[in-house]
Structures are given as structure tokens and as C-alpha cells.
Amino acid sequence: MSQKRFSKSFTQQEPLPDDAIEKAVTVMQSGRLHRYNTSGDDWSEASLLEKEFADYQGRKYCLACTSGGYAIHVALRATGVSPGDAVLMNAYTLAPVPGAVYQSGARPVLVEIDEHYHVDIGDLLAKARESGAKYFLMSHMRGHIADMDAVKRACDDVGLILIEDCAHTMGASWNGTLSGNFGRVACFSTQTYKHINSGEGGLLVTDDPEVAARAILYSGSYMLFERHGARPPKETFESLRLNIPNFSGRMDDLRAAILRPQLRQLDANCARWNALYHEMERCLREIPGIEVPERHQREDFIGSSIQFRVGEITEEQISGFLGKCEADGVALKWFGEDEPRGYTSRFDSWHYLGDLPDLPRTRAILSNTFDMRLPLTFTPEDCRVICEIIGENLIAAKQRN
């Protein structure tokens with residue numbers, strides 16, 4: 001083990017802002033927690049959040065719902081995905097993404113990634129042609145944004161509807177365009193470990209009026225869709241309102257109330273995350289044997305987590321390395337592990353999806369990929385201590401054999 005020990009938690013978030021707490025208390029004192037339980041002409045907190053997030057994103061329509069995974073499921077259904085349809089998705093993602101595809105009844109078609117954790121566009125095109133898929137659910141996994149100009153060209157070439165999973169890229173952009181503004185529809189998460197925190201929650205954005213209307217109806221609007229803050233015109237709902245089932249996935253006003261003040265702080269907090277990321281990246285690059293993926297100059301990412309790979313290391317050495325780091329207070333996750341552990345899982349562990357092809361390139365890249373959260377409770381000095389522990393324990397683990 002290292003001579004140092006890190007004492008801070010990798011899962012401890014900052015307290016909510018004072019104005020978020022005050023707004024939450026006001027909502028609780030009112031007793032009006034349901035998004036449609038408003039008084040007179042008042043807009044609900046959820047409706048106001050929808051307006052404000054749509055404005056932030058520069059999109060026309062927004063739906064606030066219960067989780068990012070729910071938002072993805074509704075996005076799939078609202079864009080026309082039906083049971084049995086093929087849906088392309090990059091194989092490096094988190095479990096709620098294939099879960100949303102499964103919930104829609106669709107058939108996932110997993111696509112390889114490249115060494116920078118981006119979708120392999122050649123494999124995307126090949127799988128699109130082989131499967132006949134018309135949908136691509138693209139995860140900007142752990143904040144890594146692919147060349148979106150190339151992705152858009154590929155989707156146009158084979159007629160794919162792009163749905164973006166932006167759970168890790170709220171506030172990030174590609175070549176000056178915000179993440180979430182490339183696809184027909186995009187989904188964001190407000191779960192505790194994301195860029196704004198309501199415990200659980202999700203946001204869906206689109207410029208397509210019919211997709212927005214379908215999503216609002218799927219969320220369970222009880223014919224109260226006119227009370228949504230960023231919705232299409234009333235007439236858009238007329239041909240749909242009796243033909244869309246209610247999936248009851250609305251965001252409540254308490255969660256919306258604590259998100260609105262955080263949205264105003266988002267850009268400032270993203271800059272703080274990136275300061276931590278760049279210091280952690282600098283220190284990790286000084287450790288022999290560690291490789292941190294290069295970021296494209298057109299990618300304005302948000303570094304709320306960091307990934308790195310270790311060269312020439314065995315599974316036994318990885319086990320020792322992880323154990324030593326954990327003993328010294330450094331929480332690393334390994335995406336190459338055969339068994340799911342915590343929030344990490346590899347594509348071949350999603351057995352409920354049925355027979356899945358092997359993806360040798362993705363498997364090889366994940367085999368030595370490690371992941372670390374960077375909460376805003378950390379400091380640049382914390383990053384230096386963490387890297388010292390990682391470096392010492394990596395040397396010790398490799399010397400075992």
C-alpha cells in the first residue's frame with residue numbers, strides 16, 4: 001500500500017445551494033408537490049424548469065421526468081420505436097441505456113468503440129446496413145463526445161434517427177454546439193452524480209413538435225398538457241391525446257424546485273470540474289504505464305469523471321492494484337471486470353438482451369480501463385495525493401509477478 005491515505009469520499013456531493021433549499025422548503029410548506037397541483041395562473045416548478053432548461057439548451061421543447069433512463073425510454077417510443085425494431089447503441093455505456101431499449105421492446109444492436117471511448121463509425125455503418133436499424137441511441141459515455149460532424153454524416157448516409165444520451169454531458173459541447181442539440185431528441189439525467197442533482201430525475205429536449213407532444217402524453221399528463229412550460233401548440237396534441245398510453249413518469253415540483261437554482265450555477269460548476277480534471281489528467285500522465293485518452297480540440301467536455309488505461313497488466317495484478325487503492329481510500333472502478341460491480345458493467349453481462357455478439361475491440365479497450373469520479377468536494381491538492389497513491393500502488397501491483 002501507499003505511504004499516504006486519502007480520506008475524502010468519492011460519492012460525497014456538495015450541499016445544495018441555499019436558494020435551492022429555500023425553494024424546496026417553500027414547496028413543502030405549500031403541500032403542492034404534484035406538478036399539476038397549481039393555484040390559479042401559477043406555473044409549477046416543473047413547468048418553469050422545462051422553460052429554463054429549453055432556453056439553456058436552445059431547444060424548443062422540454063419535458064421534466066423521473067429519471068434519465070425514463071427519458072430515454074420515452075424518447076425511443078416518441079420517435080416511433082416499436083417492439084422488435086433494431087436500435088443501434090454503442091456498447092460502452094451504463095446499464096440504464098440497454099434497459100431503456102429493452103423496456104421499449106426493441107432489439108439492441110451493439111456497436112464497437114474506438115480507443116478514445118467514441119463510437120466506431122465504420123462499425124456503426126456496417127451494423128446499420130446489416131440490421132436495417134433506423135435508430136441510433138448514442139451515449140456520450142462518461143462525457144466523451146465523438147466527432148459529431150462525422151456521426152451526423154453517418155446517420156444521414158444510412159437514414160438513422162439520432163437519439164442522444166447526454167447523462168454525462170450536460171453543459172458540454174462539440175465545436176460550439178451544445179451536446180444534446182445534434183439528434184432528433186436528447187435525454188439528460190439529474191441523478192445525484194450528474195451535473196445538477198435532484199437525487200433522481202431526467203430532462204428530454206427536442207425541436208420536433210410531435211415527438212414533444214408524444215413524450216408529454218407518455219409521461220402521464222392527464223390531458224393537462226397545456227400546463228407544461230415548454231410544449232408544442234395545443235393542436236399538436238389533438239390527434240395523439242387519445243392514442244398514447246400514460247406511463248406516469250412525471251417529475252414532481254420538489255425536485256424541480258431544487259434543480260432550477262442549480263441550473264443557474266451549471267456553467268460555473270462545469271469550469272470547476274474541468275479544473276479538477278486537468279490537474280488529475282496532468283498527474284496521471286506522469287505515472288509510467290498510464291494512458292489518458294486524448295480529447296479532441298473541438299470537444300468542450302465536462303470532466304466530472306476521468307478514465308485511464310494501464311498497459312501490460314494482468315487480471316491478477318489489476319485485482320491487487322484495485323485492492324491496494326481501495327485500502328488507501330481511492331475508489332477506482334474497472335470496466336473490464338467479468339462481473340458487474342457497482343455502476344460498472346460490461347456489455348456481455350446484460351443477459352436479458354439475449355444472444356449478443358462478441359465485440360473484441362470494445363472488450364480489449366475496456367479490459368484495462370479504470371474510472372474515477374471527480375466530485376466538486378475535491379481540490380487540486382486532492383488530485384495530486386490521489387495520483388501519488390495510484391502511482392505507488394500500480395508499481396507495487398506490477399512487481400508482484
# chains A, B, ... in the order shown; residues from 1 in each chain; ligands from 1
call {"tool": "select_by_dssp", "arguments": {"residues": "range 59-143 of chain A", "states": "strand (DSSP E or B)", "output": "list in words"}}
result
Tyr61, Cys62, Leu63, Ala64, Cys65, Ala86, Val87, Leu88, Met89, Asn90, Arg107, Pro108, Val109, Leu110, Val111, Ile113, Val119, Tyr135, Phe136, Leu137, Met138 and Ser139 of chain A
call {"tool": "select_by_dssp", "arguments": {"residues": "range 41-179 of chain A", "states": "helix (DSSP H, G or I)", "output": "ChimeraX atom specification"}}
result
/A:45-57,68-78,96-103,121-131,141-143,148-158
call {"tool": "write_last_selection", "arguments": {"atoms": "C-alpha atoms", "output": "PDB file, in the first residue's frame"}}
result
ATOM      1  CA  GLU A  45     -41.803  24.462 -10.585  1.00  0.00           C
ATOM      2  CA  ALA A  46     -41.584  21.603 -13.106  1.00  0.00           C
ATOM      3  CA  SER A  47     -43.042  23.799 -15.857  1.00  0.00           C
ATOM      4  CA  LEU A  48     -40.646  26.624 -15.016  1.00  0.00           C
ATOM      5  CA  LEU A  49     -37.718  24.190 -15.082  1.00  0.00           C
ATOM      6  CA  GLU A  50     -38.818  22.998 -18.518  1.00  0.00           C
ATOM      7  CA  LYS A  51     -38.877  26.571 -19.804  1.00  0.00           C
ATOM      8  CA  GLU A  52     -35.491  27.379 -18.325  1.00  0.00           C
ATOM      9  CA  PHE A  53     -33.758  24.215 -19.500  1.00  0.00           C
ATOM     10  CA  ALA A  54     -35.188  24.588 -23.010  1.00  0.00           C
ATOM     11  CA  ASP A  55     -33.803  28.143 -23.038  1.00  0.00           C
ATOM     12  CA  TYR A  56     -30.421  26.950 -21.741  1.00  0.00           C
ATOM     13  CA  GLN A  57     -30.188  24.279 -24.433  1.00  0.00           C
ATOM     14  CA  GLY A  68     -32.619   9.867 -17.312  1.00  0.00           C
ATOM     15  CA  GLY A  69     -33.421   6.233 -18.079  1.00  0.00           C
ATOM     16  CA  TYR A  70     -37.131   7.013 -18.215  1.00  0.00           C
ATOM     17  CA  ALA A  71     -36.393   9.951 -20.547  1.00  0.00           C
ATOM     18  CA  ILE A  72     -34.529   7.582 -22.899  1.00  0.00           C
ATOM     19  CA  HIS A  73     -37.401   5.095 -22.912  1.00  0.00           C
ATOM     20  CA  VAL A  74     -39.912   7.859 -23.684  1.00  0.00           C
ATOM     21  CA  ALA A  75     -37.599   9.284 -26.374  1.00  0.00           C
ATOM     22  CA  LEU A  76     -37.472   5.891 -28.080  1.00  0.00           C
ATOM     23  CA  ARG A  77     -41.232   5.498 -28.001  1.00  0.00           C
ATOM     24  CA  ALA A  78     -41.899   9.113 -29.014  1.00  0.00           C
ATOM     25  CA  PRO A  96     -29.978   2.027 -17.791  1.00  0.00           C
ATOM     26  CA  VAL A  97     -29.358   2.568 -21.516  1.00  0.00           C
ATOM     27  CA  PRO A  98     -29.830  -1.039 -22.691  1.00  0.00           C
ATOM     28  CA  GLY A  99     -32.537  -1.227 -20.046  1.00  0.00           C
ATOM     29  CA  ALA A 100     -34.472   1.546 -21.771  1.00  0.00           C
ATOM     30  CA  VAL A 101     -34.145  -0.229 -25.132  1.00  0.00           C
ATOM     31  CA  TYR A 102     -35.379  -3.471 -23.558  1.00  0.00           C
ATOM     32  CA  GLN A 103     -38.312  -1.659 -21.929  1.00  0.00           C
ATOM     33  CA  ILE A 121     -18.339   4.915 -37.116  1.00  0.00           C
ATOM     34  CA  GLY A 122     -17.257   2.183 -39.531  1.00  0.00           C
ATOM     35  CA  ASP A 123     -18.910  -0.449 -37.353  1.00  0.00           C
ATOM     36  CA  LEU A 124     -21.952   1.806 -36.915  1.00  0.00           C
ATOM     37  CA  LEU A 125     -22.467   1.999 -40.681  1.00  0.00           C
ATOM     38  CA  ALA A 126     -21.893  -1.730 -41.145  1.00  0.00           C
ATOM     39  CA  LYS A 127     -24.320  -2.673 -38.355  1.00  0.00           C
ATOM     40  CA  ALA A 128     -26.921  -0.205 -39.646  1.00  0.00           C
ATOM     41  CA  ARG A 129     -26.856  -1.820 -43.083  1.00  0.00           C
ATOM     42  CA  GLU A 130     -26.825  -5.371 -41.701  1.00  0.00           C
ATOM     43  CA  SER A 131     -29.663  -4.851 -39.223  1.00  0.00           C
ATOM     44  CA  MET A 141     -20.404   7.811 -22.188  1.00  0.00           C
ATOM     45  CA  ARG A 142     -18.522   9.285 -19.207  1.00  0.00           C
ATOM     46  CA  GLY A 143     -18.500  12.624 -21.015  1.00  0.00           C
ATOM     47  CA  MET A 148     -20.418  14.788 -34.054  1.00  0.00           C
ATOM     48  CA  ASP A 149     -19.955  16.101 -37.589  1.00  0.00           C
ATOM     49  CA  ALA A 150     -18.887  12.600 -38.659  1.00  0.00           C
ATOM     50  CA  VAL A 151     -21.675  10.977 -36.627  1.00  0.00           C
ATOM     51  CA  LYS A 152     -24.290  13.200 -38.248  1.00  0.00           C
ATOM     52  CA  ARG A 153     -22.947  12.415 -41.721  1.00  0.00           C
ATOM     53  CA  ALA A 154     -23.065   8.683 -40.957  1.00  0.00           C
ATOM     54  CA  CYS A 155     -26.649   8.921 -39.689  1.00  0.00           C
ATOM     55  CA  ASP A 156     -27.690  10.865 -42.772  1.00  0.00           C
ATOM     56  CA  ASP A 157     -25.946   8.367 -45.068  1.00  0.00           C
ATOM     57  CA  VAL A 158     -27.995   5.418 -43.811  1.00  0.00           C
TER      58      VAL A 158
END
call {"tool": "atom_distance", "arguments": {"atom1": "CA of Ser239 in chain A", "atom2": "CA of Leu63 in chain A"}}
result
19.5 Å
call {"tool": "atom_distance", "arguments": {"atom1": "CA of Asp252 in chain A", "atom2": "CA of Asp18 in chain A"}}
result
19.8 Å
call {"tool": "residues_around", "arguments": {"residues": "range 341-355 of chain A", "least_positions_apart": "2", "cutoff": "10 Å", "atoms": "only C-alpha atoms", "output": "PyMOL selection string"}}
result
chain A and resi 90-96+98-99+101-102+106-110+333-339+357-359+362-363+366-367+371
call {"tool": "closest_residue", "arguments": {"among": "A:Asp165, A:Val385, A:Thr177, A:Gly320", "to": "Gln399 in chain A", "atoms": "only C-alpha atoms"}}
result
A:Gly320
